[in-house]
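Asker: Contents are mmCIF, C-alpha atoms; file name entry.cif:
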```
data_upload
#
loop_
_atom_site.label_atom_id
_atom_site.label_comp_id
_atom_site.auth_asym_id
_atom_site.auth_seq_id
_atom_site.Cartn_x
_atom_site.Cartn_y
_atom_site.Cartn_z
CA MET A 1 7.50 42.60 11.35
CA PRO A 2 7.70 40.42 14.50
CA ALA A 3 11.06 40.27 16.24
CA PRO A 4 13.04 37.07 15.55
CA ALA A 5 13.11 34.36 18.18
CA LYS A 6 16.22 34.42 20.34
CA VAL A 7 18.55 31.60 21.39
CA TYR A 8 21.05 31.53 24.23
CA VAL A 9 23.80 28.90 23.97
CA ARG A 10 26.03 28.06 26.92
CA THR A 11 29.07 25.87 26.33
CA PHE A 12 30.77 23.60 28.86
CA GLY A 13 34.01 21.68 28.42
CA CYS A 14 36.35 21.18 25.51
CA GLN A 15 37.15 23.04 22.30
CA MET A 16 35.07 20.50 20.38
CA ASN A 17 32.02 21.71 22.30
CA VAL A 18 32.91 25.30 21.40
CA TYR A 19 32.96 24.28 17.73
CA ASP A 20 29.68 22.35 18.09
CA SER A 21 28.01 25.32 19.79
CA GLU A 22 29.00 27.58 16.90
CA ARG A 23 27.51 25.12 14.42
CA MET A 24 24.30 24.73 16.43
CA ALA A 25 23.89 28.51 16.58
CA GLU A 26 24.38 28.70 12.79
CA LEU A 27 21.85 25.93 12.22
CA LEU A 28 19.31 27.57 14.51
CA GLY A 29 19.82 30.81 12.62
CA ARG A 30 18.39 29.01 9.59
CA HIS A 31 15.31 28.31 11.70
CA GLY A 32 14.76 31.95 12.64
CA PHE A 33 16.75 32.21 15.89
CA ALA A 34 19.04 35.17 16.59
CA GLN A 35 21.70 34.75 19.28
CA THR A 36 21.50 36.57 22.59
CA ALA A 37 23.91 36.78 25.53
CA ARG A 38 21.02 36.94 28.02
CA PRO A 39 19.20 33.73 28.97
CA ASP A 40 16.29 35.69 30.43
CA GLU A 41 15.37 37.04 26.99
CA ALA A 42 15.83 33.75 25.11
CA ASP A 43 13.01 31.77 23.55
CA LEU A 44 15.37 28.80 23.39
CA ILE A 45 18.14 27.98 25.87
CA VAL A 46 20.74 25.39 24.82
CA LEU A 47 23.24 23.93 27.28
CA ASN A 48 26.02 22.18 25.37
CA THR A 49 27.41 19.95 28.09
CA CYS A 50 30.55 18.09 29.16
CA HIS A 51 30.59 14.72 30.95
CA ILE A 52 34.33 14.23 31.37
CA ARG A 53 34.22 14.82 35.14
CA GLU A 54 31.49 14.57 37.75
CA LYS A 55 31.74 18.25 38.70
CA ALA A 56 31.14 19.29 35.08
CA ALA A 57 28.00 17.13 34.85
CA GLU A 58 26.58 18.32 38.17
CA LYS A 59 27.14 21.94 37.17
CA VAL A 60 24.70 21.37 34.30
CA TYR A 61 21.94 20.34 36.72
CA SER A 62 22.74 23.31 38.92
CA ASP A 63 22.37 25.61 35.92
CA LEU A 64 19.13 23.91 34.95
CA GLY A 65 17.69 24.86 38.33
CA ARG A 66 18.33 28.52 37.60
CA ILE A 67 17.04 28.19 34.04
CA ARG A 68 13.83 26.65 35.35
CA GLN A 69 13.19 29.91 37.22
CA ILE A 70 13.68 31.84 33.98
CA LYS A 71 11.27 29.54 32.16
CA THR A 72 8.66 30.00 34.90
CA ALA A 73 9.03 33.80 34.97
CA ARG A 74 8.72 34.04 31.20
CA ALA A 75 5.69 31.75 31.22
CA ASP A 76 4.02 34.04 33.78
CA ALA A 77 4.61 36.88 31.29
CA GLY A 78 3.03 34.86 28.49
CA ARG A 79 6.31 33.90 26.75
CA GLN A 80 7.28 30.32 25.96
CA THR A 81 10.81 29.10 26.60
CA LEU A 82 12.24 25.86 25.22
CA ILE A 83 15.18 24.24 27.02
CA ALA A 84 17.57 21.88 25.24
CA VAL A 85 20.38 19.90 26.84
CA ALA A 86 22.96 18.93 24.21
CA GLY A 87 26.42 17.41 24.25
CA CYS A 88 27.99 14.63 26.27
CA VAL A 89 25.78 14.77 29.40
CA ALA A 90 22.80 14.43 27.10
CA GLN A 91 24.40 11.46 25.33
CA ALA A 92 25.50 9.72 28.52
CA GLU A 93 22.37 10.25 30.63
CA GLY A 94 19.53 10.56 28.13
CA GLU A 95 16.20 9.95 29.87
CA GLU A 96 17.85 10.58 33.24
CA VAL A 97 18.07 14.27 32.31
CA LEU A 98 14.28 14.37 31.93
CA ARG A 99 13.82 12.50 35.20
CA ARG A 100 15.97 14.98 37.11
CA ALA A 101 14.77 18.03 35.17
CA PRO A 102 11.30 17.24 33.72
CA PHE A 103 10.92 20.84 32.49
CA VAL A 104 13.61 20.19 29.81
CA ASP A 105 12.10 20.00 26.33
CA LEU A 106 14.90 18.32 24.37
CA VAL A 107 17.87 16.08 25.13
CA VAL A 108 20.13 15.69 22.09
CA GLY A 109 23.50 14.00 21.78
CA PRO A 110 26.51 15.40 19.91
CA GLN A 111 25.93 13.13 16.93
CA SER A 112 22.35 14.34 16.38
CA TYR A 113 22.47 18.11 16.72
CA HIS A 114 22.11 18.53 12.95
CA ARG A 115 18.48 17.50 13.56
CA LEU A 116 17.84 20.36 15.99
CA GLY A 117 15.19 22.09 13.89
CA ASP A 118 13.01 19.00 13.52
CA LEU A 119 13.54 17.93 17.13
CA LEU A 120 12.53 21.33 18.50
CA ALA A 121 9.43 21.33 16.30
CA ARG A 122 8.49 17.93 17.74
CA ALA A 123 9.08 19.05 21.32
CA LYS A 124 6.92 22.11 20.75
CA SER A 125 4.06 20.31 19.02
CA GLU A 126 4.02 17.19 21.20
CA ARG A 127 4.50 19.17 24.43
CA ARG A 128 6.77 16.57 25.97
CA GLY A 129 10.46 16.01 26.45
CA ILE A 130 12.18 14.53 23.41
CA VAL A 131 15.35 12.42 23.68
CA ASP A 132 17.62 11.76 20.69
CA THR A 133 20.91 10.17 21.70
CA GLY A 134 21.41 7.73 18.87
CA PHE A 135 24.32 7.45 16.48
CA PRO A 136 22.77 8.22 13.08
CA ASP A 137 24.12 6.58 9.96
CA GLU A 138 24.33 9.89 8.11
CA ASP A 139 27.38 12.17 8.35
CA LYS A 140 26.20 15.07 10.50
CA PHE A 141 28.76 17.40 8.94
CA GLN A 142 27.28 16.78 5.51
CA SER A 143 23.83 17.55 6.93
CA LEU A 144 24.87 20.91 8.39
CA PRO A 145 24.63 24.15 6.39
CA PRO A 146 27.86 25.74 5.08
CA ARG A 147 29.74 27.23 7.98
CA THR A 148 29.35 30.91 8.78
CA PRO A 149 32.91 32.08 9.51
CA PRO A 150 33.39 33.69 12.93
CA ARG A 151 34.36 37.33 13.21
CA ALA A 152 37.71 36.44 14.70
CA VAL A 153 41.36 35.98 13.85
CA THR A 154 41.47 32.38 15.14
CA ALA A 155 39.04 29.51 14.66
CA PHE A 156 38.51 25.86 15.45
CA LEU A 157 38.05 23.29 12.70
CA SER A 158 36.69 19.88 13.70
CA VAL A 159 38.48 17.24 11.61
CA GLN A 160 37.92 14.09 13.66
CA GLU A 161 35.47 12.83 16.27
CA GLY A 162 35.24 9.88 18.62
CA CYS A 163 37.87 7.54 20.00
CA ASP A 164 38.65 3.82 19.73
CA LYS A 165 41.23 3.73 22.54
CA PHE A 166 38.81 3.00 25.44
CA CYS A 167 40.92 4.36 28.25
CA SER A 168 39.29 2.89 31.35
CA PHE A 169 38.49 6.28 32.90
CA CYS A 170 37.09 7.99 29.80
CA VAL A 171 33.51 8.44 28.56
CA VAL A 172 34.41 9.70 25.07
CA PRO A 173 33.96 6.37 23.23
CA TYR A 174 30.46 6.13 24.73
CA THR A 175 29.40 9.75 24.23
CA ARG A 176 31.12 10.53 20.91
CA GLY A 177 31.28 7.08 19.37
CA SER A 178 33.99 5.45 17.29
CA GLU A 179 36.62 7.37 15.39
CA PHE A 180 35.37 9.27 12.36
CA SER A 181 37.41 11.57 10.12
CA ARG A 182 36.08 14.17 7.71
CA PRO A 183 37.24 14.16 4.07
CA VAL A 184 40.24 16.30 3.18
CA SER A 185 38.34 18.21 0.49
CA ASP A 186 35.63 19.28 2.95
CA LEU A 187 38.21 20.49 5.44
CA GLU A 188 40.21 22.40 2.85
CA ALA A 189 37.04 24.10 1.61
CA GLU A 190 36.04 25.07 5.16
CA ALA A 191 39.54 26.36 5.89
CA ARG A 192 39.45 28.52 2.76
CA ARG A 193 36.07 29.96 3.75
CA LEU A 194 37.45 30.81 7.18
CA THR A 195 40.51 32.58 5.82
CA GLU A 196 38.42 34.52 3.31
CA HIS A 197 36.70 36.09 6.33
CA GLY A 198 39.88 37.05 8.19
CA VAL A 199 40.83 33.91 10.10
CA CYS A 200 44.64 33.61 10.25
CA GLU A 201 45.11 30.68 12.65
CA ILE A 202 43.18 27.41 12.68
CA THR A 203 43.26 24.75 15.40
CA LEU A 204 42.36 21.30 14.10
CA LEU A 205 40.15 19.49 16.59
CA GLY A 206 39.49 15.88 17.45
CA GLN A 207 39.00 13.76 20.52
CA ASN A 208 41.96 11.82 19.16
CA VAL A 209 43.05 14.18 16.42
CA ASN A 210 46.29 12.48 15.43
CA ALA A 211 44.30 9.33 14.60
CA TYR A 212 42.87 11.33 11.67
CA HIS A 213 42.41 9.16 8.57
CA GLY A 214 40.06 11.13 6.33
CA LEU A 215 39.62 10.31 2.66
CA GLY A 216 42.01 12.30 0.47
CA PRO A 217 41.49 13.57 -3.09
CA ASP A 218 43.36 10.48 -4.34
CA GLY A 219 40.70 8.19 -2.85
CA HIS A 220 42.97 6.91 -0.07
CA PRO A 221 43.00 7.75 3.67
CA TRP A 222 45.33 10.62 4.57
CA SER A 223 47.18 11.07 7.83
CA LEU A 224 46.98 14.20 9.97
CA ALA A 225 50.45 15.19 8.76
CA ARG A 226 49.35 15.01 5.15
CA LEU A 227 46.22 17.03 5.93
CA ILE A 228 48.36 19.68 7.64
CA HIS A 229 50.62 19.99 4.61
CA ARG A 230 47.53 20.38 2.40
CA LEU A 231 46.01 23.10 4.58
CA ALA A 232 49.35 24.88 4.75
CA GLY A 233 48.89 25.52 1.05
CA VAL A 234 46.00 27.91 1.79
CA PRO A 235 47.79 31.23 1.23
CA GLU A 236 45.94 33.35 3.81
CA LEU A 237 46.34 30.74 6.57
CA LYS A 238 49.31 31.79 8.68
CA ARG A 239 49.29 29.27 11.53
CA ILE A 240 48.09 25.72 12.19
CA ARG A 241 47.65 23.94 15.51
CA TYR A 242 45.94 20.69 16.54
CA THR A 243 44.55 19.09 19.70
CA THR A 244 44.09 16.62 21.45
CA SER A 245 46.57 13.86 20.65
CA HIS A 246 47.28 10.35 21.89
CA PRO A 247 50.91 9.16 22.20
CA HIS A 248 50.01 5.91 20.44
CA ASP A 249 49.13 7.84 17.26
CA MET A 250 52.06 10.26 17.22
CA THR A 251 53.44 8.99 13.93
CA GLU A 252 56.83 9.70 12.40
CA ASP A 253 55.34 11.72 9.54
CA LEU A 254 53.58 13.96 12.07
CA ILE A 255 56.83 14.43 13.98
CA ARG A 256 58.54 15.35 10.69
CA ALA A 257 55.74 17.83 9.94
CA HIS A 258 56.75 19.76 13.05
CA ARG A 259 60.26 19.91 11.64
CA ASP A 260 59.37 20.75 8.04
CA GLU A 261 56.11 22.77 8.03
CA ALA A 262 56.68 26.40 9.00
CA LYS A 263 52.97 27.09 9.53
CA LEU A 264 52.64 24.28 12.12
CA MET A 265 53.25 25.86 15.51
CA PRO A 266 55.82 24.42 17.96
CA TYR A 267 53.24 23.62 20.62
CA LEU A 268 51.97 20.10 21.32
CA HIS A 269 49.32 18.92 23.77
CA LEU A 270 50.14 15.26 24.45
CA PRO A 271 48.50 13.71 27.55
CA PHE A 272 50.44 11.06 29.47
CA GLN A 273 47.96 10.84 32.42
CA ALA A 274 50.23 9.00 34.90
CA GLY A 275 53.88 8.16 35.46
CA ALA A 276 53.62 4.62 36.88
CA ASP A 277 53.40 1.76 34.39
CA ARG A 278 50.97 -0.26 36.53
CA VAL A 279 48.58 2.70 36.61
CA LEU A 280 49.00 3.31 32.88
CA ALA A 281 48.14 -0.34 32.20
CA ALA A 282 45.06 -0.09 34.43
CA MET A 283 44.09 3.04 32.50
CA ASN A 284 44.52 1.10 29.21
CA ARG A 285 46.73 3.89 27.90
CA LYS A 286 48.73 1.61 25.56
CA HIS A 287 52.07 3.19 26.48
CA THR A 288 54.57 3.10 29.32
CA ALA A 289 56.33 6.02 30.94
CA ALA A 290 59.50 5.08 29.04
CA ASP A 291 57.54 5.01 25.77
CA TYR A 292 56.27 8.52 26.43
CA LEU A 293 59.70 9.90 27.30
CA SER A 294 61.25 8.25 24.24
CA LEU A 295 58.55 9.77 22.04
CA LEU A 296 59.20 13.23 23.47
CA ALA A 297 62.92 12.80 22.77
CA ARG A 298 62.16 12.13 19.08
CA ILE A 299 59.79 15.11 18.95
CA ARG A 300 62.33 17.45 20.51
CA ALA A 301 65.04 16.15 18.17
CA ALA A 302 62.83 17.18 15.25
CA ARG A 303 61.77 20.51 16.79
CA PRO A 304 64.09 21.55 19.64
CA ASP A 305 61.96 24.55 20.70
CA MET A 306 58.77 22.50 21.07
CA ALA A 307 56.58 23.63 23.97
CA LEU A 308 54.77 20.71 25.57
CA SER A 309 51.42 20.53 27.30
CA THR A 310 49.73 17.52 28.88
CA ASP A 311 46.85 16.07 30.91
CA ILE A 312 47.45 14.25 34.20
CA ILE A 313 45.09 12.36 36.49
CA VAL A 314 45.92 11.90 40.17
CA GLY A 315 44.31 9.41 42.51
CA PHE A 316 43.42 6.73 39.96
CA PRO A 317 42.07 3.68 41.83
CA GLY A 318 44.86 1.92 43.66
CA GLU A 319 47.46 4.63 43.02
CA THR A 320 50.06 4.51 45.78
CA GLU A 321 52.24 7.34 47.01
CA THR A 322 55.18 5.69 45.24
CA GLU A 323 53.23 5.61 41.98
CA PHE A 324 52.25 9.25 42.39
CA ALA A 325 55.94 10.04 42.93
CA ALA A 326 56.59 8.42 39.53
CA THR A 327 54.17 10.94 37.98
CA LEU A 328 56.04 13.80 39.65
CA ALA A 329 59.30 12.34 38.31
CA VAL A 330 58.02 12.32 34.72
CA VAL A 331 56.83 15.92 35.07
CA ALA A 332 60.18 16.96 36.51
CA GLN A 333 62.06 15.26 33.67
CA VAL A 334 59.93 16.69 30.85
CA GLY A 335 59.41 20.30 31.93
CA PHE A 336 55.96 21.27 30.64
CA ALA A 337 55.07 24.71 29.36
CA GLN A 338 51.45 24.14 30.33
CA ALA A 339 49.42 21.29 31.81
CA TYR A 340 45.97 20.32 33.04
CA ALA A 341 45.82 18.19 36.17
CA PHE A 342 42.69 16.64 37.67
CA LYS A 343 41.58 14.38 40.47
CA PHE A 344 40.25 11.04 39.24
CA SER A 345 36.49 11.29 38.80
CA PRO A 346 34.63 7.97 38.39
CA ARG A 347 32.34 8.25 35.38
CA PRO A 348 29.31 5.93 35.24
CA GLY A 349 29.69 3.22 32.65
CA THR A 350 33.49 3.28 32.51
CA PRO A 351 35.57 0.31 33.77
CA ALA A 352 37.54 2.46 36.21
CA ALA A 353 34.38 3.49 38.04
CA THR A 354 33.92 -0.09 39.29
CA LEU A 355 37.51 -0.71 40.39
CA ASN A 356 38.22 -1.44 44.01
CA ASP A 357 40.61 0.59 46.14
CA GLN A 358 39.27 4.02 45.25
CA VAL A 359 41.61 6.68 46.61
CA GLU A 360 40.24 8.92 49.35
CA ASP A 361 39.33 12.41 48.21
CA ALA A 362 41.60 14.06 50.78
CA VAL A 363 44.56 12.09 49.41
CA LYS A 364 43.65 13.05 45.84
CA ALA A 365 43.36 16.70 46.83
CA ASP A 366 46.78 16.67 48.48
CA ARG A 367 48.42 15.02 45.49
CA LEU A 368 46.73 17.40 43.08
CA GLN A 369 48.00 20.40 45.02
CA ARG A 370 51.57 19.12 45.02
CA LEU A 371 51.39 18.38 41.31
CA GLN A 372 49.90 21.75 40.45
CA ASP A 373 52.60 23.51 42.47
CA LEU A 374 55.27 21.78 40.37
CA LEU A 375 53.44 22.45 37.10
CA GLY A 376 52.96 26.09 38.04
CA ARG A 377 56.66 26.51 38.66
CA GLN A 378 57.42 24.90 35.31
CA GLN A 379 55.00 27.14 33.43
CA THR A 380 56.47 30.24 35.07
CA ALA A 381 59.98 29.02 34.28
CA PHE A 382 59.12 28.38 30.63
CA ASN A 383 57.59 31.82 30.25
CA SER A 384 60.64 33.37 31.89
CA THR A 385 62.90 31.82 29.25
CA CYS A 386 61.11 33.98 26.68
CA VAL A 387 62.20 37.25 28.32
CA GLY A 388 64.87 38.85 26.16
CA ARG A 389 63.71 36.99 23.05
CA THR A 390 61.82 38.43 20.09
CA LEU A 391 58.78 36.37 19.16
CA PRO A 392 56.37 36.58 16.22
CA VAL A 393 52.99 37.39 17.78
CA LEU A 394 49.64 37.01 16.03
CA PHE A 395 47.47 39.82 17.39
CA THR A 396 43.95 38.54 18.05
CA ALA A 397 42.07 41.06 20.22
CA GLU A 398 42.14 44.44 21.90
CA GLY A 399 43.56 44.49 25.42
CA ARG A 400 42.04 45.86 28.60
CA HIS A 401 44.01 49.10 28.36
CA PRO A 402 43.77 51.77 25.64
CA GLY A 403 46.26 51.18 22.85
CA GLN A 404 46.97 47.61 23.97
CA LEU A 405 46.52 44.45 21.91
CA VAL A 406 46.65 40.81 22.97
CA GLY A 407 48.14 38.14 20.78
CA ARG A 408 49.46 34.60 20.68
CA SER A 409 53.07 33.53 20.60
CA PRO A 410 54.02 30.41 18.63
CA TYR A 411 53.91 28.60 22.00
CA LEU A 412 50.25 29.60 22.63
CA GLN A 413 51.17 32.13 25.32
CA ALA A 414 49.08 35.27 25.66
CA VAL A 415 51.23 38.30 24.83
CA HIS A 416 50.27 41.89 25.73
CA ALA A 417 51.85 44.73 23.77
CA THR A 418 51.14 48.35 22.88
CA ALA A 419 50.01 48.38 19.27
CA ASP A 420 47.56 50.07 16.94
CA ALA A 421 44.30 48.25 16.21
CA SER A 422 45.36 47.93 12.57
CA TRP A 423 47.64 45.12 13.76
CA LEU A 424 44.67 42.86 14.53
CA GLY A 425 45.10 39.78 12.39
CA GLY A 426 48.72 40.68 11.71
CA ILE A 427 51.91 39.07 12.96
CA GLY A 428 54.41 41.44 14.53
CA GLU A 429 57.85 40.90 16.00
CA VAL A 430 57.58 41.53 19.74
CA ALA A 431 60.51 41.91 22.13
CA ILE A 432 59.47 40.13 25.33
CA VAL A 433 60.26 42.21 28.41
CA GLY A 434 58.17 40.56 31.13
CA ALA A 435 56.68 37.19 32.03
CA GLY A 436 54.19 35.85 34.54
CA ARG A 437 52.63 32.45 34.96
CA ALA A 438 49.75 33.22 32.61
CA SER A 439 51.12 35.66 30.02
CA LEU A 440 53.97 37.66 28.54
CA THR A 441 54.41 41.40 28.00
CA GLY A 442 56.42 42.90 25.19
CA VAL A 443 57.25 45.79 22.92
CA LEU A 444 56.28 45.73 19.26
CA LYS A 445 59.48 46.22 17.26
CA SER A 446 57.82 46.72 13.88
CA ALA A 447 57.07 50.37 13.15
CA GLN A 448 55.34 49.57 9.88
CA ARG A 449 51.74 48.39 10.05
CA PRO A 450 50.91 45.03 8.48
CA LYS A 451 49.65 45.02 4.93
CA ALA A 452 45.88 44.88 4.52
#
```
Go ahead and render the structure in this file as structure tokens.

Answerer:
Amino acid sequence: MPAPAKVYVRTFGCQMNVYDSERMAELLGRHGFAQTARPDEADLIVLNTCHIREKAAEKVYSDLGRIRQIKTARADAGRQTLIAVAGCVAQAEGEEVLRRAPFVDLVVGPQSYHRLGDLLARAKSERRGIVDTGFPDEDKFQSLPPRTPPRAVTAFLSVQEGCDKFCSFCVVPYTRGSEFSRPVSDLEAEARRLTEHGVCEITLLGQNVNAYHGLGPDGHPWSLARLIHRLAGVPELKRIRYTTSHPHDMTEDLIRAHRDEAKLMPYLHLPFQAGADRVLAAMNRKHTAADYLSLLARIRAARPDMALSTDIIVGFPGETETEFAATLAVVAQVGFAQAYAFKFSPRPGTPAATLNDQVEDAVKADRLQRLQDLLGRQQTAFNSTCVGRTLPVLFTAEGRHPGQLVGRSPYLQAVHATADASWLGGIGEVAIVGAGRASLTGVLKSAQRPKA
């Protein structure tokens, strides 16, 4: 029998793209494609792209240059190679991708990847580049085959897509569309399938996940908090996380869920983006610095050990040194366990890209360095507070050294400990003896192996 066709999928950007890449690979499996880790042996190469920053988009074109060489070499050997650009660069740039890389066979947006089989057949038969960046009326999730659970302890579960906030710097409303939430019953069924195959921890995904409003079994929209409580009823599911959230949608019932639901981990990613109210207004963030700090006070009152993560942009158009100092002040007051900081990157089509008084790159670079220095010290300090504590660690993978496993603390820290491989997928009590900026080390206190 002939060998199956092979597909290589490369993922850029956020966790949602990781989830989408998994689903695309599953769908392509139904069309006869087996996955490969080597692009040079692939009959189909899919780049699932990110458009959130200019560097991420340009990296796609750089990769396409290398992939073109693979396509040419395979053609010289008599083997056809199809190239598909998917994701947010595809959605945002469409025909421009074909103009800059005319050897690409398919450009498909994140709302249309359930059509991959038909689109690839068209590209192959018509021998021209196909572009599909529309927003179909049908629910793509309903059009996808049942999910093939990953062979892993943790998994992503996409519950919500799109965003209606229209922050002035952000492309998500244009590349992912308006907010859409999947029905509770579909999500519960998918979560059960995942746990039946060994998944112990699920991270609920959405561009604005706490705006979730999917239809519940009672016929009414449910909040994210109510969905979490429902999923917590899946017996084999040990831990629940969610990302990414908007402060405007951090509702009281969700705050209470962090207090009341034991399976919901005490880790929250809640971007504030800037510390100066004028900048926040120009960003259309719909909150002030005081609003954000007040919200965090309510969250910490409900869950005192909450570890906080955030996103911050430096050098937004017109940002002064005084306004940047306000960002540093917010960071200093909060004390983040982890954070992601970026220089402002003007994205075509967003209001912020056309604003006057763009900040010089050298100034942005200097501010970013100062901010990252502070955030790094905070992350190291937070990790250091765990030394001497005993934390429940979910072991997820084998470590680099023999007899070592790597796991996750409740606060999403990587924890290295000596443990037998039978602990994979189990939660063990680990005495933390060392801490660095990126991880913890500990000693497994449980002598008894977890139950199968």

Asker: Please tell me which residues are no farther than 12 Å from (61.1, 10.1, 19.6) in the file, counting all atoms listed in the file, and write them as a ChimeraX atom specification.

Answerer: /A:247-248,250-256,290-304

Asker: I need the chosen residues saved as a PDB file, keeping the file's coordinate frame, with C-alpha atoms.

Answerer:
```
ATOM      1  CA  PRO A 247      50.910   9.160  22.200  1.00  0.00           C
ATOM      2  CA  HIS A 248      50.010   5.910  20.440  1.00  0.00           C
ATOM      3  CA  MET A 250      52.060  10.260  17.220  1.00  0.00           C
ATOM      4  CA  THR A 251      53.440   8.990  13.930  1.00  0.00           C
ATOM      5  CA  GLU A 252      56.830   9.700  12.400  1.00  0.00           C
ATOM      6  CA  ASP A 253      55.340  11.720   9.540  1.00  0.00           C
ATOM      7  CA  LEU A 254      53.580  13.960  12.070  1.00  0.00           C
ATOM      8  CA  ILE A 255      56.830  14.430  13.980  1.00  0.00           C
ATOM      9  CA  ARG A 256      58.540  15.350  10.690  1.00  0.00           C
ATOM     10  CA  ALA A 290      59.500   5.080  29.040  1.00  0.00           C
ATOM     11  CA  ASP A 291      57.540   5.010  25.770  1.00  0.00           C
ATOM     12  CA  TYR A 292      56.270   8.520  26.430  1.00  0.00           C
ATOM     13  CA  LEU A 293      59.700   9.900  27.300  1.00  0.00           C
ATOM     14  CA  SER A 294      61.250   8.250  24.240  1.00  0.00           C
ATOM     15  CA  LEU A 295      58.550   9.770  22.040  1.00  0.00           C
ATOM     16  CA  LEU A 296      59.200  13.230  23.470  1.00  0.00           C
ATOM     17  CA  ALA A 297      62.920  12.800  22.770  1.00  0.00           C
ATOM     18  CA  ARG A 298      62.160  12.130  19.080  1.00  0.00           C
ATOM     19  CA  ILE A 299      59.790  15.110  18.950  1.00  0.00           C
ATOM     20  CA  ARG A 300      62.330  17.450  20.510  1.00  0.00           C
ATOM     21  CA  ALA A 301      65.040  16.150  18.170  1.00  0.00           C
ATOM     22  CA  ALA A 302      62.830  17.180  15.250  1.00  0.00           C
ATOM     23  CA  ARG A 303      61.770  20.510  16.790  1.00  0.00           C
ATOM     24  CA  PRO A 304      64.090  21.550  19.640  1.00  0.00           C
TER      25      PRO A 304
END
```

Asker: Expand the PyMOL selection byres ((chain A and resi 438-443) around 6) into the explicit residue set it covers here, and present it as a short mmCIF file (atom, residue, chain, number, x, y, z; two decimals) with C-alpha atoms, in the coordinates of the input.

Answerer:
```cif
data_model
loop_
_atom_site.label_atom_id
_atom_site.label_comp_id
_atom_site.auth_asym_id
_atom_site.auth_seq_id
_atom_site.Cartn_x
_atom_site.Cartn_y
_atom_site.Cartn_z
CA GLN A 413 51.17 32.13 25.32
CA ALA A 414 49.08 35.27 25.66
CA VAL A 415 51.23 38.30 24.83
CA HIS A 416 50.27 41.89 25.73
CA ALA A 417 51.85 44.73 23.77
CA VAL A 430 57.58 41.53 19.74
CA ALA A 431 60.51 41.91 22.13
CA ILE A 432 59.47 40.13 25.33
CA VAL A 433 60.26 42.21 28.41
CA GLY A 434 58.17 40.56 31.13
CA ALA A 435 56.68 37.19 32.03
CA GLY A 436 54.19 35.85 34.54
CA ARG A 437 52.63 32.45 34.96
CA LEU A 444 56.28 45.73 19.26
#
```

Asker: Go ahead and compute the interatomic distance for CA of His229 (chain A) and CA of Glu196 (chain A), in Å to one decimal.

Answerer: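 One can read the CA of His229 (chain A) to CA of Glu196 (chain A) distance as 19.0 Å.
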
Asker: Can you list what the PyMOL selection byres ((chain A and resi 310) around 8) grabs from this structure, as a ChimeraX atom specification?

Answerer: /A:269-273,308-309,311-312,336,338-340

Asker: Write out as a list in words each polymer residue whose atoms come within 12 Å of region 65-69 of chain A, counting all atoms listed in the file; drop sequence neighbours fewer than 5 positions from it.

Answerer: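 Neighbouring residues, sequence-local ones excluded: Tyr8, Arg10, Arg38, Pro39, Asp40, Glu41, Ala42, Asp43, Leu44, Ile45, Val46, Leu47, Glu58, Lys59, Val60, Arg74, Ala75, Asp76, Thr81, Leu82, Ile83, Ala84, Val85, Arg100, Ala101, Pro102, Phe103, Val104 and Asp105 of chain A.
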
Asker: Considering all atoms listed in the file, can you say which of A:Asp420, A:Glu93, A:Asp249, A:Asp186 comes closest to Asp164 (chain A)?

Answerer: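 Checking each candidate against Asp164 (chain A), we get A:Asp249 as the closest.
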
Asker: Of the candidates A:Leu391, A:Leu194, A:Ser158, A:Ile240, which shows the shortest atom-to-atom distance to Gly214 (chain A), using only C-alpha atoms?

Answerer: A:Ser158

Asker: Please provide as a ChimeraX atom specification all residues within 12 Å of Lys165 (chain A), with the sequence filter that same-chain residues fewer than 2 positions apart are discarded (counting only C-alpha atoms).

Answerer: /A:162-163,167-174,177-179,207-208,211,245-249,283-287

Asker: Which is closer to Glu188 (chain A) than all the others in A:Gly349, A:Val234, A:Leu215, A:Ser143, using only C-alpha atoms?

Answerer: A:Val234

Asker: Which residues would end up in the selection if the PyMOL selection byres ((chain A and resi 408) around 9) were applied here, given that I need the answer as a PyMOL selection string?

Answerer: chain A and resi 392-396+406-407+409-416
